[in-house]
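> Just dropping this structure here.
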Amino acid sequence: MPQRCFGEEELANLREVIESGELWRGVRGKFVGRFEDEFGQWLGRKYVLGICSGTCAEETAVASLGLELGDEVICPASAPIFVSFPVISVGCVPVFADVDPRTLIISPEGIEARITERTRAVLVVHLWGTPAPMDEIMAVAQRHNLKVIEDCAQAYGACHRGRKVGTIGDVACFSLQQSKHITAGEGGIIATDDPEIYKRAVLFSNVGMPWLYQYGLEQPTSEPLNGLRRRGHFAFGHNYRMSELQGAVMVAQLAKLPEFNARRKKLVEIIETELGDVPGVELAHVYPNTEPNFWIYPLRVPEALGDYAEINYLEAEFQKMQRTRRTSLGIPLPDYVQYKPGECPQAEAASKGFGGIDVSHATDPEDMRQAARNIREKADKLSG
Ligand SMILES: Cc1ncc(COP(=O)(O)O)c(C=O)c1O
């Protein structure tokens, strides 16, 4: 198991929470509210909401757009399934678009080819920590009046034209799961500049109640109905709140992010030095005007060394939806939505030749050198 760089700072904050006796955030929470403010300052977004996991953050992000049942959301063919399941769970239909074979990131052409009159949004994943080509993607979205969700779970601090990813689309989501750049074991974040998106995100993640609003937004009031008092659940929602225990760890982790990122960059230098001239191995492709911050370093390798296996529509639940012609929630699939092999040929072909090296900031540089050398050795053997 990797070390995760937790220390006295996390322990001190956790002790404070436990001694206070208040482990849930209540309205704001001492640590969750502070984390939301500090994350917003770090990222450069006005409204930030702590959520209990990255998958719930993704679902909240889709729900925050106010879409209708059966609306289509374009998703990358190759990405963790946490990206497309949340689309299903809010009653929408995931439509998979092909990717750039150099990065497995959704391509502007792939998006354009999937747009129909029911398309409302595009979900862009900055996969591996590589910023997506956002100029081209935003241009397609603007032409077709689509909302853009940025999934930044793997890309804390990666930049596009000097702006951090998560500040370009309409709403961004992040994961704080154990393996991520910063972590509380589990956790997630929503970030936006749009007060309406933020309000919908609060209602959805707080059982329809607005009392998590901060940043000076006015709260609706609940009038009695037929003379009976109401609690004030203004919309459908889940309880996806972040706890104070998570907030306490995250305040400490966020302060360490610059140091963690610097360590990751050194590990990336080792990989690129060791593997820069190996036959059959290609280093990460980085789009112009972007700066990655790798979570896993992507390598294009001979098929025998590839281990990437995240084409969502090949998974069992999508195969069931293909047979029944309904989503898992019973929403009918239009004829043109297909979840079958061959749908996104670039993703299918390219994924066979992708491998990744975990560049966790806790990795010892010598271990990283050795891991890279192991790949080099295997690739050398294959090339004869
Ligand atoms: C790109 C991406 N999106 C979403 C998630 C979901 O996050 P979580 O595991 O916190 O639910 C992950 C987690 O691995 C991820 O890598």
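Order determines the names: the first chain of the structure tokens is A, the second B, and so forth; residues in each chain are numbered 1 upward, and ligands are numbered 1 upward as they are shown.
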So that I can check the surroundings of Ala347 in chain A, please list as an mmCIF file with N, CA and C atoms, in the first residue's frame every protein, DNA and RNA residue that reaches within 7 Å of it, counting only C-alpha atoms and ignoring chain neighbours fewer than 3 positions away.

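And here's out_20.cif as it stands now:
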data_model
loop_
_atom_site.group_PDB
_atom_site.id
_atom_site.type_symbol
_atom_site.label_atom_id
_atom_site.label_comp_id
_atom_site.auth_asym_id
_atom_site.auth_seq_id
_atom_site.Cartn_x
_atom_site.Cartn_y
_atom_site.Cartn_z
ATOM 1 N N ALA A 77 -15.758 7.818 -24.532
ATOM 2 C CA ALA A 77 -15.871 6.357 -24.591
ATOM 3 C C ALA A 77 -14.941 5.721 -23.573
ATOM 4 N N SER A 78 -13.760 6.308 -23.409
ATOM 5 C CA SER A 78 -12.798 5.681 -22.493
ATOM 6 C C SER A 78 -12.528 6.610 -21.316
ATOM 7 N N ASP A 98 -16.179 9.338 -29.496
ATOM 8 C CA ASP A 98 -14.832 8.806 -29.685
ATOM 9 C C ASP A 98 -13.789 9.787 -29.163
ATOM 10 N N VAL A 99 -12.571 9.270 -29.067
ATOM 11 C CA VAL A 99 -11.504 9.998 -28.366
ATOM 12 C C VAL A 99 -10.309 10.210 -29.295
ATOM 13 N N PRO A 101 -6.809 9.236 -30.153
ATOM 14 C CA PRO A 101 -6.042 8.029 -29.814
ATOM 15 C C PRO A 101 -4.704 8.321 -29.142
ATOM 16 N N LEU A 104 -6.612 9.292 -25.323
ATOM 17 C CA LEU A 104 -7.890 8.704 -24.891
ATOM 18 C C LEU A 104 -8.853 9.764 -24.339
ATOM 19 N N CYS A 344 -17.051 3.210 -30.928
ATOM 20 C CA CYS A 344 -16.032 4.273 -30.866
ATOM 21 C C CYS A 344 -14.691 3.635 -31.235
ATOM 22 N N ALA A 350 -7.108 2.252 -29.668
ATOM 23 C CA ALA A 350 -6.000 2.877 -28.937
ATOM 24 C C ALA A 350 -5.864 2.338 -27.520
ATOM 25 N N SER A 351 -6.988 1.960 -26.891
ATOM 26 C CA SER A 351 -6.899 1.578 -25.477
ATOM 27 C C SER A 351 -6.045 0.325 -25.292
#
> From a DSSP pass on the backbone, collect the residues of range 55-135 of chain A flagged as strand (DSSP E or B) and hand them back as number ranges by chain.
A: 72-76, 78, 93-97, 99-100, 105-106, 119-125
> Enumerate, in order of chain and increasing residue number, the residues of chain A with an atom no farther than 6 Å from ligand 1, each with its shortest atom pair and distance in Å to one decimal, counting only C-alpha atoms and all ligand atoms, as CSV.

residue,atom,partner,partner_atom_place_in_ligand_line,distance
A:Ser53,CA,ligand 1,10 (O),4.4
A:Gly54,CA,ligand 1,10 (O),3.3
A:Thr55,CA,ligand 1,11 (O),3.6
A:Pro80,CA,ligand 1,2 (C),5.7
A:Phe82,CA,ligand 1,4 (C),4.9
A:Val83,CA,ligand 1,3 (N),5.5
A:Val125,CA,ligand 1,1 (C),5.9
A:Asp151,CA,ligand 1,3 (N),5.9
A:Ala153,CA,ligand 1,2 (C),4.8
A:Gln154,CA,ligand 1,16 (O),5.7
A:Ser175,CA,ligand 1,10 (O),4.2
A:Leu176,CA,ligand 1,10 (O),5.5
A:Gln177,CA,ligand 1,10 (O),4.3
A:Glu186,CA,ligand 1,10 (O),5.7
A:Gly187,CA,ligand 1,10 (O),5.7
A:Gly188,CA,ligand 1,10 (O),5.9
> Could you save the residues just selected, with all heavy atoms, as a compact mmCIF listing (two decimals), in the first residue's frame?

# COMPACT_ATOMS: atom_id res chain seq x y z
N SER A 53 -18.39 11.97 -2.03
CA SER A 53 -17.49 11.17 -2.88
C SER A 53 -17.41 11.81 -4.26
O SER A 53 -18.25 12.66 -4.60
CB SER A 53 -17.99 9.72 -3.02
OG SER A 53 -19.04 9.67 -3.98
N GLY A 54 -16.44 11.37 -5.05
CA GLY A 54 -16.29 11.91 -6.41
C GLY A 54 -17.45 11.49 -7.30
O GLY A 54 -17.91 12.26 -8.14
N THR A 55 -17.92 10.26 -7.15
CA THR A 55 -19.04 9.79 -7.97
C THR A 55 -20.29 10.61 -7.65
O THR A 55 -21.04 11.00 -8.56
CB THR A 55 -19.30 8.29 -7.72
OG1 THR A 55 -18.07 7.58 -7.94
CG2 THR A 55 -20.35 7.73 -8.65
N PRO A 80 -13.08 6.30 -16.57
CA PRO A 80 -13.66 5.47 -15.50
C PRO A 80 -15.19 5.52 -15.55
O PRO A 80 -15.77 6.54 -15.92
CB PRO A 80 -13.14 6.14 -14.22
CG PRO A 80 -11.92 6.86 -14.65
CD PRO A 80 -12.15 7.30 -16.06
N PHE A 82 -17.30 5.82 -13.37
CA PHE A 82 -17.88 6.84 -12.47
C PHE A 82 -18.39 8.03 -13.27
O PHE A 82 -19.09 8.89 -12.76
CB PHE A 82 -16.83 7.36 -11.49
CG PHE A 82 -15.99 6.29 -10.85
CD1 PHE A 82 -14.68 6.07 -11.25
CD2 PHE A 82 -16.53 5.50 -9.84
CE1 PHE A 82 -13.92 5.09 -10.66
CE2 PHE A 82 -15.76 4.52 -9.24
CZ PHE A 82 -14.45 4.31 -9.66
N VAL A 83 -17.98 8.12 -14.54
CA VAL A 83 -18.35 9.26 -15.37
C VAL A 83 -19.72 9.06 -16.01
O VAL A 83 -20.53 9.99 -16.06
CB VAL A 83 -17.25 9.47 -16.45
CG1 VAL A 83 -17.65 10.53 -17.44
CG2 VAL A 83 -15.93 9.81 -15.78
N VAL A 125 -13.38 14.70 -19.44
CA VAL A 125 -12.50 14.22 -18.37
C VAL A 125 -11.06 14.60 -18.73
O VAL A 125 -10.58 14.26 -19.81
CB VAL A 125 -12.60 12.69 -18.21
CG1 VAL A 125 -11.68 12.21 -17.09
CG2 VAL A 125 -14.03 12.27 -17.93
N ASP A 151 -14.58 17.07 -15.55
CA ASP A 151 -14.22 16.13 -14.50
C ASP A 151 -12.72 16.26 -14.26
O ASP A 151 -11.91 15.90 -15.12
CB ASP A 151 -14.60 14.70 -14.93
CG ASP A 151 -14.20 13.66 -13.89
OD1 ASP A 151 -13.25 13.91 -13.13
OD2 ASP A 151 -14.81 12.58 -13.88
N ALA A 153 -11.09 15.00 -11.56
CA ALA A 153 -10.72 14.06 -10.49
C ALA A 153 -9.24 13.68 -10.55
O ALA A 153 -8.63 13.39 -9.54
CB ALA A 153 -11.58 12.80 -10.59
N GLN A 154 -8.68 13.69 -11.78
CA GLN A 154 -7.30 13.23 -11.94
C GLN A 154 -6.35 14.38 -12.24
O GLN A 154 -5.21 14.14 -12.64
CB GLN A 154 -7.24 12.20 -13.08
CG GLN A 154 -8.19 11.02 -12.88
CD GLN A 154 -8.10 9.98 -13.99
OE1 GLN A 154 -7.37 10.15 -14.96
NE2 GLN A 154 -8.85 8.90 -13.85
N SER A 175 -12.66 14.38 -7.33
CA SER A 175 -12.72 13.26 -6.38
C SER A 175 -11.61 13.43 -5.33
O SER A 175 -10.51 13.89 -5.66
CB SER A 175 -12.51 11.93 -7.11
OG SER A 175 -12.14 10.92 -6.20
N LEU A 176 -11.92 13.04 -4.11
CA LEU A 176 -10.92 13.05 -3.03
C LEU A 176 -10.70 11.63 -2.53
O LEU A 176 -10.36 11.41 -1.37
CB LEU A 176 -11.40 13.96 -1.89
CG LEU A 176 -11.63 15.42 -2.30
CD1 LEU A 176 -12.39 16.17 -1.22
CD2 LEU A 176 -10.29 16.09 -2.59
N GLN A 177 -10.94 10.67 -3.41
CA GLN A 177 -10.75 9.26 -3.06
C GLN A 177 -9.26 8.99 -2.81
O GLN A 177 -8.39 9.75 -3.27
CB GLN A 177 -11.34 8.41 -4.21
CG GLN A 177 -11.14 6.91 -4.12
CD GLN A 177 -9.87 6.47 -4.79
OE1 GLN A 177 -9.31 7.20 -5.61
NE2 GLN A 177 -9.38 5.30 -4.42
N GLU A 186 -12.27 9.14 1.07
CA GLU A 186 -13.39 9.37 0.16
C GLU A 186 -13.73 10.85 0.23
O GLU A 186 -13.48 11.50 1.24
CB GLU A 186 -14.64 8.57 0.57
CG GLU A 186 -14.49 7.06 0.63
CD GLU A 186 -14.49 6.37 -0.72
OE1 GLU A 186 -14.49 7.04 -1.77
OE2 GLU A 186 -14.44 5.11 -0.72
N GLY A 187 -14.36 11.36 -0.80
CA GLY A 187 -14.79 12.75 -0.80
C GLY A 187 -14.89 13.28 -2.21
O GLY A 187 -14.39 12.65 -3.15
N GLY A 188 -15.57 14.41 -2.37
CA GLY A 188 -15.70 15.02 -3.69
C GLY A 188 -15.96 16.50 -3.57
O GLY A 188 -16.22 17.02 -2.47
> If you count only C-alpha atoms, which residues fall within 9 Å of Pro302 in chain A, apart from same-chain ones fewer than 3 positions away, as a PyMOL selection string?
chain A and resi 280-281+305-306+352-354+379+382
> With only C-alpha atoms as the atoms that count, which of A:Ile182, A:Val62, A:Ile331, A:Ala141 lies nearest to Gly157 in chain A?
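Among the listed residues, A:Ile182 lies closest to Gly157 in chain A.
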> Using Å and a single decimal, report how far CA of Gly208 in chain A sits from CA of Phe234 in chain A.
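Taking CA of Phe234 in chain A and CA of Gly208 in chain A, their separation equals 5.1 Å.
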> Go through A:His181, A:Val48, A:Val90, A:Ala235 and flag the residue nearest Ser222 in chain A, using only C-alpha atoms for the distances.
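Among the listed residues, the smallest separation from Ser222 in chain A belongs to A:Ala235.
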> Skip Gln214 in chain A itself and residues of its chain fewer than 6 positions away, then list as a count of residues only all residues within 9 Å of it, counting only C-alpha atoms.
4
> Got a sec to tell me which of range 196-311 of chain A DSSP assigns to alpha helix (DSSP H), as a PyMOL selection string?
chain A and resi 196-205+244-275
> Nearest to Ala362 in chain A among A:Phe236, A:Tyr198, A:Trp42, A:Phe260, with distances taken over only C-alpha atoms: which residue is it?
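That would be A:Phe260, the residue with the smallest distance to Ala362 in chain A.
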> Any idea what the distance is between CA of Thr103 in chain A and CA of Thr192 in chain A?
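CA of Thr103 in chain A sits 26.1 Å away from CA of Thr192 in chain A.
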> Fewer than 2 positions away in the same chain doesn't count, so skip those; otherwise give me all residues within 10 Å of Val140 in chain A, counting only C-alpha atoms, as a PDB file with C-alpha atoms, in the first residue's frame.

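Result written to part37.pdb:
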ATOM      1  CA  PRO A 108     -14.032  17.733 -30.496  1.00  0.00           C
ATOM      2  CA  GLU A 109     -14.836  15.780 -33.683  1.00  0.00           C
ATOM      3  CA  ILE A 111     -18.423  15.192 -29.721  1.00  0.00           C
ATOM      4  CA  GLU A 112     -19.687  16.865 -32.885  1.00  0.00           C
ATOM      5  CA  ILE A 115     -24.899  15.779 -31.238  1.00  0.00           C
ATOM      6  CA  VAL A 122     -20.774  17.279 -22.625  1.00  0.00           C
ATOM      7  CA  MET A 134     -10.656  22.980 -24.219  1.00  0.00           C
ATOM      8  CA  ASP A 135     -10.540  25.735 -26.888  1.00  0.00           C
ATOM      9  CA  GLU A 136     -11.896  23.346 -29.507  1.00  0.00           C
ATOM     10  CA  ILE A 137     -14.306  21.603 -27.107  1.00  0.00           C
ATOM     11  CA  MET A 138     -15.752  24.899 -25.836  1.00  0.00           C
ATOM     12  CA  GLN A 142     -20.959  27.082 -27.781  1.00  0.00           C
ATOM     13  CA  ARG A 143     -21.990  26.358 -31.382  1.00  0.00           C
ATOM     14  CA  HIS A 144     -24.564  23.829 -30.168  1.00  0.00           C
ATOM     15  CA  ASN A 145     -25.575  25.541 -26.931  1.00  0.00           C
ATOM     16  CA  LEU A 146     -24.322  22.690 -24.725  1.00  0.00           C
TER      17      LEU A 146
END
> Of the candidates A:His160, A:Arg25, A:Lys378, A:His233, which one gets nearest to Leu49 in chain A if we count only C-alpha atoms?
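Selected residue with least distance to Leu49 in chain A: A:Arg25.
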> Can you check which parts of range 136-189 of chain A lie within 10 Å of range 1-20 of chain A? Per residue, the shortest pair of atoms and distance in Å to one decimal, counting only C-alpha atoms, sorted by chain and number, as a tab-separated table.

residue	atom	partner	partner_atom	distance
A:Gln178	CA	A:Arg4	CA	8.0
A:Ser179	CA	A:Arg4	CA	8.3
A:Lys180	CA	A:Arg4	CA	9.5
A:His181	CA	A:Arg4	CA	9.4
A:Ile182	CA	A:Arg4	CA	8.7
A:Thr183	CA	A:Arg4	CA	8.3
A:Ala184	CA	A:Glu10	CA	9.5
A:Gly185	CA	A:Arg4	CA	9.7
> May I have the selected residues written with C-alpha atoms, as an mmCIF file, in the first residue's frame?

data_model
loop_
_atom_site.group_PDB
_atom_site.id
_atom_site.type_symbol
_atom_site.label_atom_id
_atom_site.label_comp_id
_atom_site.auth_asym_id
_atom_site.auth_seq_id
_atom_site.Cartn_x
_atom_site.Cartn_y
_atom_site.Cartn_z
ATOM 1 C CA GLN A 178 -7.645 7.590 -1.623
ATOM 2 C CA SER A 179 -5.563 7.523 -4.837
ATOM 3 C CA LYS A 180 -6.078 11.181 -5.838
ATOM 4 C CA HIS A 181 -3.648 14.146 -5.635
ATOM 5 C CA ILE A 182 -5.241 15.101 -2.297
ATOM 6 C CA THR A 183 -7.502 12.794 -0.328
ATOM 7 C CA ALA A 184 -9.682 12.161 2.690
ATOM 8 C CA GLY A 185 -10.046 8.477 1.770
#
